[in-house]
Amino acid sequence: MKNQPKIITSLFELHKAMGQPKPLHPLISIINYGEAVFDPKDFEHGIILDFYKISFKTSFNGKIKYGHGFYDFEEGGMSFVAPGQLLKMQEEEADYSGMSLHIHPDFIRPYSLNSTIKQYGFFSYTASEGLYLSEKEKETVLGVFASIQNELTERIDNFSQDVIISQIELLLNYSNRFYNRQFITRKAVNNDVLAQLETLLNDYFNDEKALLNGVPTVAFVAEELNLSPRYLSDLLRNLSGQNTQQFIHNKLIEKAQEYIIKGTYSISEIAYKLGFEHPQSFNKLFRKKTNTTPIEFQQLFHKN
């Protein structure tokens with residue numbers, strides 16, 4: 001169908017589309033973009049891959065649209081795509097350097113990695129939330145890519161799959177470490193995100209948007225901040241020890257306590273103003289967060 005993303009279900013199909021020879025293994029391959037030959041128009045409506053894609057990019061002569069918007073990758077770094085995600089490429093980015101590791105789910109299915117790979121949150125990040133590497137980190141990542149490539153080209157035997165699985169796990173664990181470092185080194189930028197979230201939630205409750213739209217969701221605040229939900233939660237957890245849901249609930253309880261202290265509204269009215277359909281749900285959350293009920297908290301300030 002026209003204007004539909006191109007769905008690529010096999011590595012053979014991917015290699016053909018990228019002007020590459022057949023993959024050495026039907027379920028895992030590395031493509032060096034410097035050797036790829038493809039027409040960007042073939043992908044103008046985006047592509048959906050049926051496999052994991054771990055990319056190391058040294059530079060981009062354009063921008064990539066992935067998730068919420070465009071992002072300039074001239075700094076280089078890494079990005080991660082899970083099966084079924086939509087990736088859009090624009091014509092101007094046909095010329096870039098780097099490589100991508102492609103892993104079909106069937107390759108890891110007999111291993112524990114089949115379950116643990118879902119725990120790596122960066123597969124849910126957008127490209128604008130890519131991992132930027134130091135020179136030393138680049139050497140480490142390229143070393144793992146080289147080890148996997150060597151196994152594919154030189155040592156196909158009964159142990160090859162086990163060794164490659166170990167290398168993939170090593171690459172993912174390094175990526176976790178480097179992302180944690182990035183959250184720390186970009187703390188000033190991340191604090192700006194935290195301030196924006198504070199303002200967003202304050203305005204949401206003060207303008208009584210909750211009365212019309214309900215309790216703000218993680219998806220809502222992430223979209224307002226132009227971040228993926230998973231990245232926002234990981235960022236907040238690094239800064240404050242709370243994920244996004246916990247942060248929203250804590251701000252909500254702060255606002256509830258403010259209403260209760262003022263004494264203008266009943267507990268039920270406060271619950272509705274904060275977006276709850278049923279006061280019982282509000283009471284349950286309040287008790288969970290404060291170890292007291294709204295009525296008990298109210299009695300502390302309005303004994304007469």
# chains A, B, ... in the order shown; residues from 1 in each chain; ligands from 1
>>> residues_around(residues="A:Gly275", least_positions_apart="6", cutoff="6 Å", atoms="only C-alpha atoms", output="VMD selection string")
chain A and resid 210 to 211 214 to 215
>>> closest_residue(among="A:Asn250, A:Gln4, A:Gln161, A:Ser268", to="A:Ile148", atoms="only C-alpha atoms")
A:Gln161
>>> residues_around(residues="A:Lys118", least_positions_apart="2", cutoff="12 Å", atoms="only C-alpha atoms", output="PyMOL selection string")
chain A and resi 52+81-83+105+108+112-116+120-124+172
>>> atom_distance(atom1="atom CA of A:Glu208", atom2="atom CA of A:Leu235")
27.0 Å
>>> closest_residue(among="A:Tyr125, A:Lys288, A:Val189, A:Lys209", to="A:Arg230", atoms="only C-alpha atoms")
A:Tyr125
>>> residues_around(residues="A:Met78", least_positions_apart="4", cutoff="12 Å", atoms="only C-alpha atoms", output="JSON, numbers by chain")
{"A": [53, 54, 55, 56, 57, 58, 59, 60, 73, 74, 98, 99, 100, 101, 122, 123, 125, 126, 127, 128, 129, 130, 131, 132, 133, 134, 137, 138, 141, 142, 171, 172, 174, 175, 176, 178, 179]}
>>> write_last_selection(atoms="C-alpha atoms", output="tab-separated table (two decimals), in the first residue's frame")
chain	number	residue	atom	x	y	z
A	53	LYS	CA	18.79	-3.02	16.06
A	54	ILE	CA	21.77	-1.64	18.00
A	55	SER	CA	23.48	1.14	16.09
A	56	PHE	CA	26.78	2.88	16.56
A	57	LYS	CA	26.93	6.11	14.55
A	58	THR	CA	30.07	8.16	14.12
A	59	SER	CA	28.35	11.02	12.29
A	60	PHE	CA	25.21	12.03	10.40
A	73	PHE	CA	23.31	13.08	15.23
A	74	GLU	CA	26.48	14.87	14.18
A	98	GLY	CA	28.81	3.74	11.50
A	99	MET	CA	27.40	0.25	11.87
A	100	SER	CA	24.34	-1.58	13.14
A	101	LEU	CA	23.95	-4.93	14.81
A	122	PHE	CA	16.85	2.32	26.27
A	123	PHE	CA	15.09	0.18	23.65
A	125	TYR	CA	13.98	5.68	24.15
A	126	THR	CA	13.64	7.94	21.13
A	127	ALA	CA	16.60	8.80	18.92
A	128	SER	CA	16.85	12.25	20.50
A	129	GLU	CA	17.59	10.38	23.73
A	130	GLY	CA	20.55	8.58	22.16
A	131	LEU	CA	23.69	7.58	24.01
A	132	TYR	CA	26.69	9.84	23.41
A	133	LEU	CA	30.03	8.20	24.01
A	134	SER	CA	33.44	9.39	25.15
A	137	GLU	CA	33.62	4.36	25.53
A	138	LYS	CA	33.64	4.33	21.72
A	141	VAL	CA	31.79	-0.48	22.03
A	142	LEU	CA	33.71	-0.91	18.79
A	171	LEU	CA	27.29	-4.65	24.89
A	172	LEU	CA	23.95	-4.07	26.62
A	174	TYR	CA	28.14	-1.43	28.85
A	175	SER	CA	25.31	0.63	27.35
A	176	ASN	CA	23.52	0.62	30.71
A	178	PHE	CA	27.28	4.55	29.83
A	179	TYR	CA	23.67	5.77	30.01
>>> closest_residue(among="A:Ile168, A:Arg237, A:Ser97, A:Ile261", to="A:Glu151", atoms="only C-alpha atoms")
A:Ile168
>>> closest_residue(among="A:Leu285, A:Asn238, A:Gln246, A:Leu274", to="A:Arg186", atoms="only C-alpha atoms")
A:Asn238
>>> closest_residue(among="A:Ile270, A:Met18, A:Leu27, A:Ile7", to="A:Ala256", atoms="only C-alpha atoms")
A:Ile270
>>> closest_residue(among="A:Lys88, A:His249, A:Lys262, A:Lys273", to="A:Phe286", atoms="only C-alpha atoms")
A:His249
>>> decode(residues="stretch 13-28 of chain A", atoms="all heavy atoms", output="CSV table (one decimal), in the first residue's frame")
chain,number,residue,atom,x,y,z
A,13,GLU,N,16.2,-9.8,3.6
A,13,GLU,CA,15.5,-8.7,3.0
A,13,GLU,C,16.2,-7.4,3.3
A,13,GLU,O,16.3,-6.5,2.5
A,13,GLU,CB,14.1,-8.7,3.5
A,13,GLU,CG,13.2,-7.6,2.9
A,13,GLU,CD,11.7,-7.7,3.4
A,13,GLU,OE1,11.5,-8.5,4.3
A,13,GLU,OE2,10.9,-6.8,3.0
A,14,LEU,N,16.6,-7.2,4.6
A,14,LEU,CA,17.3,-6.0,5.0
A,14,LEU,C,18.6,-5.8,4.2
A,14,LEU,O,18.9,-4.7,3.7
A,14,LEU,CB,17.6,-6.0,6.5
A,14,LEU,CG,18.5,-4.8,7.0
A,14,LEU,CD1,17.6,-3.6,6.9
A,14,LEU,CD2,18.9,-5.1,8.4
A,15,HIS,N,19.4,-6.8,4.1
A,15,HIS,CA,20.7,-6.7,3.4
A,15,HIS,C,20.5,-6.4,1.9
A,15,HIS,O,21.2,-5.6,1.3
A,15,HIS,CB,21.5,-8.0,3.5
A,15,HIS,CG,22.3,-8.1,4.8
A,15,HIS,ND1,23.6,-8.3,4.8
A,15,HIS,CD2,21.9,-8.1,6.1
A,15,HIS,CE1,24.0,-8.4,6.0
A,15,HIS,NE2,23.0,-8.2,6.8
A,16,LYS,N,19.4,-6.9,1.3
A,16,LYS,CA,19.1,-6.6,-0.1
A,16,LYS,C,18.7,-5.2,-0.2
A,16,LYS,O,19.2,-4.5,-1.2
A,16,LYS,CB,18.0,-7.5,-0.6
A,16,LYS,CG,17.6,-7.3,-2.0
A,16,LYS,CD,16.5,-8.3,-2.5
A,16,LYS,CE,16.2,-8.1,-3.9
A,16,LYS,NZ,15.1,-9.0,-4.4
A,17,ALA,N,17.9,-4.7,0.7
A,17,ALA,CA,17.4,-3.3,0.7
A,17,ALA,C,18.6,-2.3,0.8
A,17,ALA,O,18.6,-1.2,0.3
A,17,ALA,CB,16.4,-3.0,1.7
A,18,MET,N,19.6,-2.7,1.6
A,18,MET,CA,20.8,-1.9,1.9
A,18,MET,C,21.9,-2.1,0.9
A,18,MET,O,23.0,-1.6,1.1
A,18,MET,CB,21.3,-2.1,3.3
A,18,MET,CG,20.3,-1.9,4.4
A,18,MET,SD,19.8,-0.1,4.5
A,18,MET,CE,21.3,0.5,5.3
A,19,GLY,N,21.7,-2.9,-0.2
A,19,GLY,CA,22.7,-3.2,-1.2
A,19,GLY,C,23.9,-4.0,-0.6
A,19,GLY,O,25.0,-3.8,-1.0
A,20,GLN,N,23.6,-4.9,0.3
A,20,GLN,CA,24.6,-5.7,0.9
A,20,GLN,C,24.5,-7.2,0.5
A,20,GLN,O,23.4,-7.6,0.1
A,20,GLN,CB,24.5,-5.6,2.5
A,20,GLN,CG,24.7,-4.3,3.1
A,20,GLN,CD,26.1,-3.9,3.0
A,20,GLN,OE1,27.0,-4.4,3.7
A,20,GLN,NE2,26.5,-3.0,2.1
A,21,PRO,N,25.6,-7.9,0.6
A,21,PRO,CA,25.6,-9.3,0.3
A,21,PRO,C,24.7,-10.1,1.3
A,21,PRO,O,24.4,-9.5,2.4
A,21,PRO,CB,27.0,-9.8,0.3
A,21,PRO,CG,27.7,-8.8,1.2
A,21,PRO,CD,27.0,-7.5,0.9
A,22,LYS,N,24.4,-11.3,1.1
A,22,LYS,CA,23.6,-12.0,2.0
A,22,LYS,C,24.3,-12.1,3.4
A,22,LYS,O,25.5,-12.2,3.4
A,22,LYS,CB,23.4,-13.5,1.5
A,22,LYS,CG,22.4,-13.5,0.3
A,22,LYS,CD,22.2,-15.0,-0.1
A,22,LYS,CE,21.3,-15.1,-1.3
A,22,LYS,NZ,21.1,-16.5,-1.7
A,23,PRO,N,23.5,-12.1,4.5
A,23,PRO,CA,24.2,-12.2,5.8
A,23,PRO,C,24.8,-13.5,6.0
A,23,PRO,O,24.4,-14.5,5.4
A,23,PRO,CB,23.0,-11.9,6.7
A,23,PRO,CG,21.8,-12.3,6.0
A,23,PRO,CD,22.1,-12.0,4.5
A,24,LEU,N,25.9,-13.5,6.8
A,24,LEU,CA,26.6,-14.8,7.1
A,24,LEU,C,25.7,-15.7,7.9
A,24,LEU,O,25.9,-16.9,7.9
A,24,LEU,CB,27.9,-14.5,7.8
A,24,LEU,CG,28.9,-13.6,7.0
A,24,LEU,CD1,30.1,-13.3,7.8
A,24,LEU,CD2,29.3,-14.4,5.7
A,25,HIS,N,24.8,-15.1,8.7
A,25,HIS,CA,23.9,-15.9,9.6
A,25,HIS,C,22.5,-15.4,9.3
A,25,HIS,O,22.3,-14.2,9.2
A,25,HIS,CB,24.3,-15.7,11.0
A,25,HIS,CG,23.7,-16.7,12.0
A,25,HIS,ND1,22.3,-16.6,12.3
A,25,HIS,CD2,24.2,-17.7,12.7
A,25,HIS,CE1,22.0,-17.5,13.1
A,25,HIS,NE2,23.1,-18.3,13.4
A,26,PRO,N,21.5,-16.2,9.2
A,26,PRO,CA,20.2,-15.8,8.9
A,26,PRO,C,19.5,-15.0,10.0
A,26,PRO,O,18.5,-14.3,9.8
A,26,PRO,CB,19.4,-17.1,8.7
A,26,PRO,CG,20.1,-18.1,9.4
A,26,PRO,CD,21.6,-17.7,9.3
A,27,LEU,N,20.1,-15.0,11.3
A,27,LEU,CA,19.4,-14.4,12.4
A,27,LEU,C,20.2,-13.3,13.1
A,27,LEU,O,19.6,-12.6,14.0
A,27,LEU,CB,19.0,-15.5,13.5
A,27,LEU,CG,18.1,-16.6,13.0
A,27,LEU,CD1,17.9,-17.6,14.1
A,27,LEU,CD2,16.8,-16.0,12.5
A,28,ILE,N,21.4,-13.0,12.6
A,28,ILE,CA,22.2,-11.9,13.2
A,28,ILE,C,23.2,-11.4,12.2
A,28,ILE,O,23.8,-12.2,11.4
A,28,ILE,CB,22.9,-12.4,14.5
A,28,ILE,CG1,23.6,-11.2,15.2
A,28,ILE,CG2,23.8,-13.6,14.2
A,28,ILE,CD1,24.2,-11.5,16.6
